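Asker: A single structure is presented below for examination.
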Amino acid sequence: MRITRCFALAVLASSCSAPTPSPAPPLRTTYRVISGASMGGIGSTSLGLTHPERFDAIAPLGGPLDYAFFSRSLDRFFSGGFCTKDEIEAVLRRDPVALNDPRAFAACSRPARALPFEHSQDFNHWHVTSNGGTFDREAYVRMFTDLSLAYGNFFTENPGSPVAPPGVDPARIRRFPADFCTNPTRVKRLYNAEYNPDGAYDAITFCDGEPNTWFCRGTRERVDFCADPANVASPLPERGELAFAERFCASKGGAMMASKSTREGALAFLDLGGFRDPCRQATTPQGVLLAVDFNGNGRRDYGEPLVNNGRERFDDVGADGCANASEDGQGGCLAAPQPGRADPNRDDYDVDANPSGTEENWVWDEGEPFRDLGLDGVASTGDGGEGNGRYDESSGRQTLKAYDGRTNYRKLDAEGRRRFHVVADGGLRDIFNLGLMARHLFSAVKQALGAEAVGDYRDFTEIPGMKSRSGAFDPWTRRWGQVPRSFVTLYGKAQPSDDDRVAGEGDHVGTNEQALFRFATVFNWVGSLWPSLERPPVPAMLNGVQRSEWFVSKQLGAKWEYAIALPAGYQDPENAGRRYPVVYMLHGYGMDPKSFSPAALVADANVANPNVALRPAIYVFPYGRCCFVDAQGRKDCRETDDEGRELSRQQGLSRECNSGTFWINRRGYTPDDVTRYGDAFFELMEHIDATYRTMPAAEVEAR
């Protein structure tokens with residue numbers, strides 16, 4: 001009664017003394033941040049949220065690779081858009097050659113409906129860009145191979161190889177033979193619920209890639225190489241494409257090849273690139289996918305679908321087990337569906353309104369109906385997972401989920417959420433939809449901390465206190481204390497002009513200005529993370545040090561490269577006893593530490609600038625390209641050897657992948673072909689702590 005009376009009086013007249021709040025418990029602080037862009041954004045999320053005890057924060061730029069969103073992209077877009085089996089067989093009966101004619105499938109191909117700002121695409125029409133590199137079909141093929149080498153195959157399961165499809169010798173895709181495109185591997189009796197339920201058709205390896213994109217200058221239309229029936233039946237080799245293009249465009253202003261060297265060519269590449277032209281010879285081996293060879297001609301024709309046995313089929317109706325039409329509004333199901341009902345049980349997934357929703361969230365949740373028929377979706381074939389009573393996915397998708405940022409953030413306890421901060425960004429029209437994935441990751445952060453405790457910004461100028469009097473973004477201020485410790489920024493215009501698109505506005509890297517804004521945001525945010533940490537003296541003039549180093553990694557069994565930037569004042573005698581926070585910045589796909597480390601000069605300049613007084617920190621740029629390996633298995637994980645010679649030019653050496661590791665332990669071509677790139681990163685952290693004056697972790701009252 002005393003408590004009730006005191007509460008009532010407090011409400012009416014504030015006459016009761018409020019209890020003294022308990023002091024906040026000490027906050028574990030590592031003085032470590034992990035950040036990165038593109039592939040580095042994916043890696044910083046993977047490493048940071050699988051080992052949150054090692055960091056105070058993550059800052060993925062253009063990342064992460066969200067398990068649910070990426071699974072949706074794999075199934076509905078990157079490998080989707082094909083006609084049904086019945087529709088394909090109708091074309092086959094009419095004319096087997098027509099399986100290679102896009103016009104034969106124009107009426108029945110059904111690209112999935114895209115979310116706002118999501119790229120609508122299908123397997124024959126991938127979205128491309130030249131922002132941050134040339135990302136065309138050639139790049140996609142290389143990247144999907146590297147993703148499969150890192151995580152495992154997303155589309156099939158093969159006990160003999162994490163990456164090769166079943167029935168395919170992994171040695172054949174490790175080093176493609178010269179006849180790979182003309183002499184495919186045929187896999188018989190490979191079942192698939194959608195396109196080969198009785199195993200009647202062979203599955204085959206195939207070639208892909210993107211030949212030159214030709215268009216008519218006067219009409220801006222793509223040169224239609226399929227206009228000649230001879231090319232439909234026998235695709236044209238590259239040596240014949242120029243003459244054909246000139247004939248096709250003779251009355252349309254002449255033929256021109258898309259190229260980012262001119263505005264006209266760059267727009268043509270953005271609008272017309274990414275098309276799998278079936279009427280020109282495909283010459284780039286595709287090692288991780290199989291196609292269903294309906295007409296038996298030994299190549300993947302335009303209308304022939306892929307084998308997608310990446311997971312058991314399920315109904316994405318939510319953990320209540322019933323779709324909206326069958327929901328009773330009490331968390332259960334009606335005896336009979338009533339069409340037109342709008343989410344009575346309120347379980348529809350929405351990134352903003354209901355991030356915990358399980359209906360139409362693109363992944364299987366406990367309680368959702370699934371067909372326990374194995375990954376092929378066909379009964380009585382005895383494939384992996386059939387009849388085991390649980391929902392199954394390929395091991396590649398299981399690995400992807402194990403590194404998923406949303407999944408792992410939700411595992412943090414209250415103390416973890418209090419001490420661990422997340423900053424993310426991405427372009428509205430990022431080629432890989434990484435900006436949209438960043439928002440889906442951040443939905444878990446917002447839900448855990450509350451919308452009032454985080455920031456969700458539609459542009460950099462929306463970050464509190466970062467707008468100049470002229471309205472421009474101005475992050476080089478001392479106002480970062482008013483910015484939430486966790487926030488996400490989605491940049492890019494909703495309606496870009498053609499010139500905007502050519503400049504990369506809202507794309508993978510963004511315009512030059514947007515790219516600068518992204519790094520400036522991270523530098524300033526990092527500089528404000530530890531306001532209670534004493535700032536060492538810094539000189540008025542720049543005297544930071546940027547250099548490339550290497551150390552012998554036991555995890556890799558090789559010399560491993562990294563770059564490091566020591567801040568202004570680090571080497572001054574007066575700071576000989578001072579220690580510094582560390583920021584690890586992971587570079588993007590196809591880059592190396594030398595590409596990224598000059599960014600530290602920007603931070604260094606503003607450490608010494610008294611108007612900014614950016615916190616001095618050690619910046620480390622690890623090497624994220626795959627190691628070179630020789631015939632005896634000896635490795636070198638650098639770009640140059642001890643004499644400064646480029647390893648890529650030395651005979652007998654080849655990379656373990658096309659370009660990037662994605663910063664996780666590599667699954668490889670065979671079960672024993674493992675390289676511990678992820679574990680090596682933490683070995684690097686130990687090396688940095690042993691070599692440089694880094695801050696030790698501590699329990700602090702406040703940061």
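Note on naming: chains are A, B, ... as they come in the structure tokens, residues start from 1 per chain, ligands start from 1 in the order shown.
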Using only C-alpha atoms, which protein or nucleic acid residues come within 6 Å of segment 683-697 of chain A? Drop anything in the same chain fewer than 4 positions from it, and give the result as a PyMOL selection string.

Answerer: chain A and resi 29-30+579-581

Asker: Excluding same-chain residues fewer than 2 positions from Ala680 of chain A, what lies within 8 Å of it counting only C-alpha atoms, as a list in words?

Answerer: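 Residues near the query, excluding close chain neighbours: Ser553, Lys554, Gln555, Leu556, Arg676, Tyr677, Gly678, Phe682, Glu683 and Leu684 of chain A.
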
Asker: Any chance you could export the current selection's N, CA and C atoms as a PDB file, in the first residue's frame?

Answerer:
ATOM      1  N   SER A 553      52.011 -15.639 -41.179  1.00  0.00           N
ATOM      2  CA  SER A 553      50.763 -16.117 -40.595  1.00  0.00           C
ATOM      3  C   SER A 553      50.799 -17.634 -40.447  1.00  0.00           C
ATOM      4  N   LYS A 554      50.650 -18.099 -39.224  1.00  0.00           N
ATOM      5  CA  LYS A 554      50.574 -19.545 -39.004  1.00  0.00           C
ATOM      6  C   LYS A 554      49.266 -20.106 -39.566  1.00  0.00           C
ATOM      7  N   GLN A 555      48.202 -19.323 -39.484  1.00  0.00           N
ATOM      8  CA  GLN A 555      46.908 -19.797 -39.993  1.00  0.00           C
ATOM      9  C   GLN A 555      46.961 -20.021 -41.500  1.00  0.00           C
ATOM     10  N   LEU A 556      47.666 -19.151 -42.214  1.00  0.00           N
ATOM     11  CA  LEU A 556      47.754 -19.263 -43.671  1.00  0.00           C
ATOM     12  C   LEU A 556      48.973 -20.059 -44.113  1.00  0.00           C
ATOM     13  N   ARG A 676      42.218 -20.636 -43.962  1.00  0.00           N
ATOM     14  CA  ARG A 676      41.569 -19.981 -42.827  1.00  0.00           C
ATOM     15  C   ARG A 676      41.776 -18.468 -42.867  1.00  0.00           C
ATOM     16  N   TYR A 677      41.188 -17.857 -43.887  1.00  0.00           N
ATOM     17  CA  TYR A 677      41.314 -16.407 -44.018  1.00  0.00           C
ATOM     18  C   TYR A 677      40.651 -15.673 -42.850  1.00  0.00           C
ATOM     19  N   GLY A 678      39.512 -16.155 -42.398  1.00  0.00           N
ATOM     20  CA  GLY A 678      38.838 -15.509 -41.282  1.00  0.00           C
ATOM     21  C   GLY A 678      39.636 -15.621 -39.998  1.00  0.00           C
ATOM     22  N   PHE A 682      42.161 -12.591 -37.072  1.00  0.00           N
ATOM     23  CA  PHE A 682      42.347 -12.420 -35.628  1.00  0.00           C
ATOM     24  C   PHE A 682      43.807 -12.664 -35.235  1.00  0.00           C
ATOM     25  N   GLU A 683      44.488 -13.476 -36.009  1.00  0.00           N
ATOM     26  CA  GLU A 683      45.933 -13.612 -35.824  1.00  0.00           C
ATOM     27  C   GLU A 683      46.629 -12.289 -36.144  1.00  0.00           C
ATOM     28  N   LEU A 684      46.163 -11.608 -37.182  1.00  0.00           N
ATOM     29  CA  LEU A 684      46.700 -10.287 -37.514  1.00  0.00           C
ATOM     30  C   LEU A 684      46.473  -9.311 -36.363  1.00  0.00           C
TER      31      LEU A 684
END

Asker: Which neighbours of Cys108 of chain A fall inside 8 Å, counting only C-alpha atoms, when residues of the same chain fewer than 3 positions from it are skipped, and could you give them as a list in words?

Answerer: Phe82, Cys83, Thr84, Glu87 and Phe105 of chain A

Asker: Considering only C-alpha atoms, return as number ranges by chain whatever protein or nucleic-acid residues lie within 10 Å of Cys627 of chain A, sequence-local ones (same chain, fewer than 5 positions apart) excluded.

Answerer: A: 556, 558-560, 634-639, 647, 653-657, 659-661, 675, 677

Asker: Quick one: DSSP strand (DSSP E) residues in segment 391-637 of chain A, as a ChimeraX atom specification?

Answerer: /A:421-427,455-457,487-491,545-553,558-566,582-586,618-622,628-629,635-636

Asker: Quick one: distance from atom CA of Arg418 of chain A to atom CA of Ser44 of chain A in Å, one decimal?

Answerer: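 According to the coordinates, atom CA of Arg418 of chain A and atom CA of Ser44 of chain A are separated by 19.3 Å.
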